[in-house]
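Chemist: Mind looking over this structure? Questions follow.
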Amino acid sequence: MLPELFLERMKGLLKEEYGLFLESFEGEPYKALRLNLLKCREDFIKKGYFTLKPVPWAPCGYYYEEQEKPGKHPFHEAGVYYIQEPSAMAPVPFLEVHPGERVLDLCAAPGGKSTQIAGYMEGEGILFCNEIHPKRAQILSENIERCGIRNAIVTNETPEKLSKVFTGYFDKILVDAPCSGEGMFRKNEEAITEWSEENVRLCAARQDEVLGYAAKMLRPGGRLVYSTCTFAPAENEGSISRFLKTHPDFSLVRVAAPEGFVCGRADWITEPAGDIDKTLRIMPHKVKGEGHFLAVLIRNGDTLSEGAFPQGGLERSIAQKEYKEFLEFAKETLTETKTEELLADRTLLRFGDNLYTAPKQLPALKGLKVLRPGLHLGTMKKNRFEPSHALALHLKKEDVNSSLGFALSDAAVGKFLTGQTLTIGEGCDVPSADGKGYTLILVDGYSIGWGKIAGNIVKNHYPKGLRK
């Protein structure tokens, strides 16, 4: 049962299209996944693991059949892809992210758009992923880990706090703003029960604040993409029009609209910006996806600006003697090339016994609530190093000296994911294995965790919290 006041508003706005709009809610929501560019490319599609059809507006986005359940597949645990609503894949390509840039995803949980951005960055540059709600920030951090991202910093801060630390710092900012969620009515019944006209007004006011703080953090010449998953004009064309009125140094960018997308509507609000038709709407009766809105803005100024130097300075890398246990582990387990990649031109951080490798030129994090300051390498133990699950998910077969690969159909895969020990020898889980110590476990070539060879067994280091 859709809210009556919502229906009255949409009928007045859509007029002759209202019938088609209402009819779209009778269908099932579309299911989609997006390939993780840090782990796989189009060759994944050719192997036919699932029945996939391209999402037209999203590179590496694909519709799948619900009965195939890719969310319960070993490849999902390996971060090979991310389950994401198809319309939610639309904003990030318009951000035009490139490797080496400074990028902020300001309202990032659960992490779909952050992981999408990371694919474009190819591990280079600095990606800040922020979420104000602690529990959602934890989910965000877990998804960053699962996707094997090495250059992401996950924070749990208010936009106001960040704006004071990173004034004029970022090249690109995504504001996937908290909203009334009308575009998710077909997908999420909770969005229906929580809807009210008052909540729409509250969301619009909150969006004004968030956009204002985001504006302070974008360098001159930088690019900002604003998006919501609601139909409410007050939160879409209204939010952008109010923002432009108070921020004359920003301008809307007209972008090529994918087929089925429509322009923003000046006649749906009382005081529209003069070029509000440069914004885009995604309507469920026109495309195979849910409701969405997006706007692309630039901050006028020198397009060659490199952004301000962070006010707190930069993080300093710890001395080599503070991570000698890792160096010993790396010599035994990782290739020289991979070890150099993790250490050279990087910032090594130690929080208690935990070691992280972070982007070079990382701003000082003191005073910020940080959940993940880069790629977690592992934990320093007494006279030894214990590698993290995050490191395993980041690595590929060519990065390690020892690996055990299984076909997707092997029973050993299920045993490993449930935390069981594997045995080595003829007729066993592992026919043969050389050496001892940590070995990377692979499924059809994709890493899913660590094992540790000791005699004729492979001890299971798959995290207990993830075991099925």
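Here's how to read the names in the structure tokens: chain A, B, ... by the order shown, residue numbers from 1 in each chain, ligand numbers from 1 in the order shown.
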I want to know what sits within 9 Å of region 389-397 of chain A, based on only C-alpha atoms, with residues of the same chain fewer than 6 positions away left out; could you give that as JSON, numbers by chain?

Modeler: {"A": [38, 39, 78, 79, 144, 145, 146, 147, 148, 149, 150, 338, 375, 376, 377, 378, 403, 405, 440, 441, 442, 445, 446, 447, 448, 449, 450, 461, 462, 463]}

Chemist: Name the residues in contact with Leu408 (chain A) at a cut-off of 9 Å, using only C-alpha atoms, excluding same-chain residues fewer than 6 positions from it; report them as a list in words.

Modeler: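 With the cut-off at 9 Å, the set is Pro74, Val443 and Asp444 of chain A.
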
Chemist: With 12 Å as the cut-off and only C-alpha atoms counted, what is the closest atom pair between each nearby residue of region 279-361 of chain A and region 116-137 of chain A? Distances in Å to one decimal, ordered by chain and number, as CSV.

Modeler:
```
residue,atom,partner,partner_atom,distance
A:Glu341,CA,A:Gly123,CA,10.7
A:Leu342,CA,A:Gly123,CA,10.9
A:Asp345,CA,A:Glu124,CA,10.9
A:Arg346,CA,A:Glu124,CA,10.6
A:Thr347,CA,A:Ile126,CA,11.7
A:Thr357,CA,A:Gly123,CA,11.8
A:Ala358,CA,A:Ile126,CA,8.6
A:Pro359,CA,A:Ile126,CA,6.2
A:Lys360,CA,A:Gly125,CA,8.2
A:Gln361,CA,A:Ile126,CA,8.6
```

Chemist: Apply DSSP to the structure's backbone, then extract all residues of region 92-122 of chain A labelled helix (DSSP H, G or I) and return them as a PyMOL selection string.

Modeler: chain A and resi 92-95+112-121

Chemist: Considering only C-alpha atoms, can you say which of A:Glu328, A:Asp105, A:Asp249, A:Glu194 comes closest to Val154 (chain A)?

Modeler: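 Among the listed residues, the smallest separation from Val154 (chain A) belongs to A:Asp105.
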
Chemist: Give me the residues within 7 Å of Ile276 (chain A) as a JSON list (two decimals) with C-alpha atoms, in the first residue's frame, counting only C-alpha atoms and dropping any in the same chain fewer than 5 places off.

Modeler:
```json
[["chain", "number", "residue", "atom", "x", "y", "z"],
["A", 237, "GLU", "CA", 15.54, 19.74, -8.15],
["A", 264, "GLY", "CA", 15.01, 17.36, -14.17],
["A", 265, "ARG", "CA", 11.75, 19.34, -14.09],
["A", 266, "ALA", "CA", 11.76, 23.07, -13.45]]
```

Chemist: If we count only C-alpha atoms and set the cut-off at 6 Å, which residues sit around Lys459 (chain A), ignoring sequence neighbours fewer than 2 positions away in its own chain? Please answer as a short mmCIF file (atom, residue, chain, number, x, y, z; two decimals) with N, CA and C atoms, in the first residue's frame.

Modeler:
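And here is the file that came out, around07.cif:
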```cif
data_model
loop_
_atom_site.label_atom_id
_atom_site.label_comp_id
_atom_site.auth_asym_id
_atom_site.auth_seq_id
_atom_site.Cartn_x
_atom_site.Cartn_y
_atom_site.Cartn_z
N THR A 421 39.17 -27.89 8.59
CA THR A 421 40.55 -28.16 8.21
C THR A 421 40.57 -29.03 6.96
N GLY A 451 45.09 -20.25 4.22
CA GLY A 451 45.27 -21.52 4.89
C GLY A 451 46.71 -21.56 5.39
N LYS A 452 47.02 -22.49 6.29
CA LYS A 452 48.39 -22.62 6.76
C LYS A 452 48.77 -24.10 6.77
#
```

Chemist: So which residues touch Arg350 (chain A) within 10 Å, counting only C-alpha atoms, skipping near sequence neighbours fewer than 3 positions away, as a CSV table (one decimal) with N, CA and C atoms, in the first residue's frame?

Modeler:
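around_21.csv, freshly written:
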```csv
chain,number,residue,atom,x,y,z
A,317,SER,N,55.2,7.6,8.0
A,317,SER,CA,55.3,6.2,8.0
A,317,SER,C,56.2,5.8,9.1
A,318,ILE,N,55.8,4.6,9.8
A,318,ILE,CA,56.6,4.1,10.9
A,318,ILE,C,57.9,3.6,10.4
A,322,GLU,N,59.7,-1.3,13.2
A,322,GLU,CA,58.4,-1.5,13.8
A,322,GLU,C,57.5,-2.5,13.1
A,323,TYR,N,58.0,-3.0,11.9
A,323,TYR,CA,57.2,-4.0,11.2
A,323,TYR,C,58.1,-5.1,10.6
A,353,ASP,N,48.7,-3.4,17.7
A,353,ASP,CA,49.5,-4.4,17.0
A,353,ASP,C,49.1,-4.6,15.6
A,354,ASN,N,48.2,-3.7,15.1
A,354,ASN,CA,47.7,-3.9,13.7
A,354,ASN,C,48.5,-3.0,12.7
A,355,LEU,N,48.9,-3.6,11.6
A,355,LEU,CA,49.7,-2.9,10.6
A,355,LEU,C,48.8,-2.6,9.4
A,356,TYR,N,48.9,-1.4,8.8
A,356,TYR,CA,48.2,-1.0,7.6
A,356,TYR,C,49.2,-0.4,6.6
A,357,THR,N,48.9,-0.6,5.4
A,357,THR,CA,49.5,0.1,4.3
A,357,THR,C,48.5,1.1,3.7
A,373,PRO,N,42.2,2.6,8.1
A,373,PRO,CA,43.1,3.6,7.6
A,373,PRO,C,44.0,3.0,6.4
A,376,HIS,N,44.5,-3.3,5.6
A,376,HIS,CA,45.0,-4.0,6.8
A,376,HIS,C,45.8,-5.2,6.4
A,379,THR,N,48.4,-8.6,11.9
A,379,THR,CA,48.6,-8.3,13.3
A,379,THR,C,50.0,-8.8,13.7
A,380,MET,N,50.7,-7.9,14.5
A,380,MET,CA,51.9,-8.3,15.0
A,380,MET,C,51.7,-9.1,16.3
```
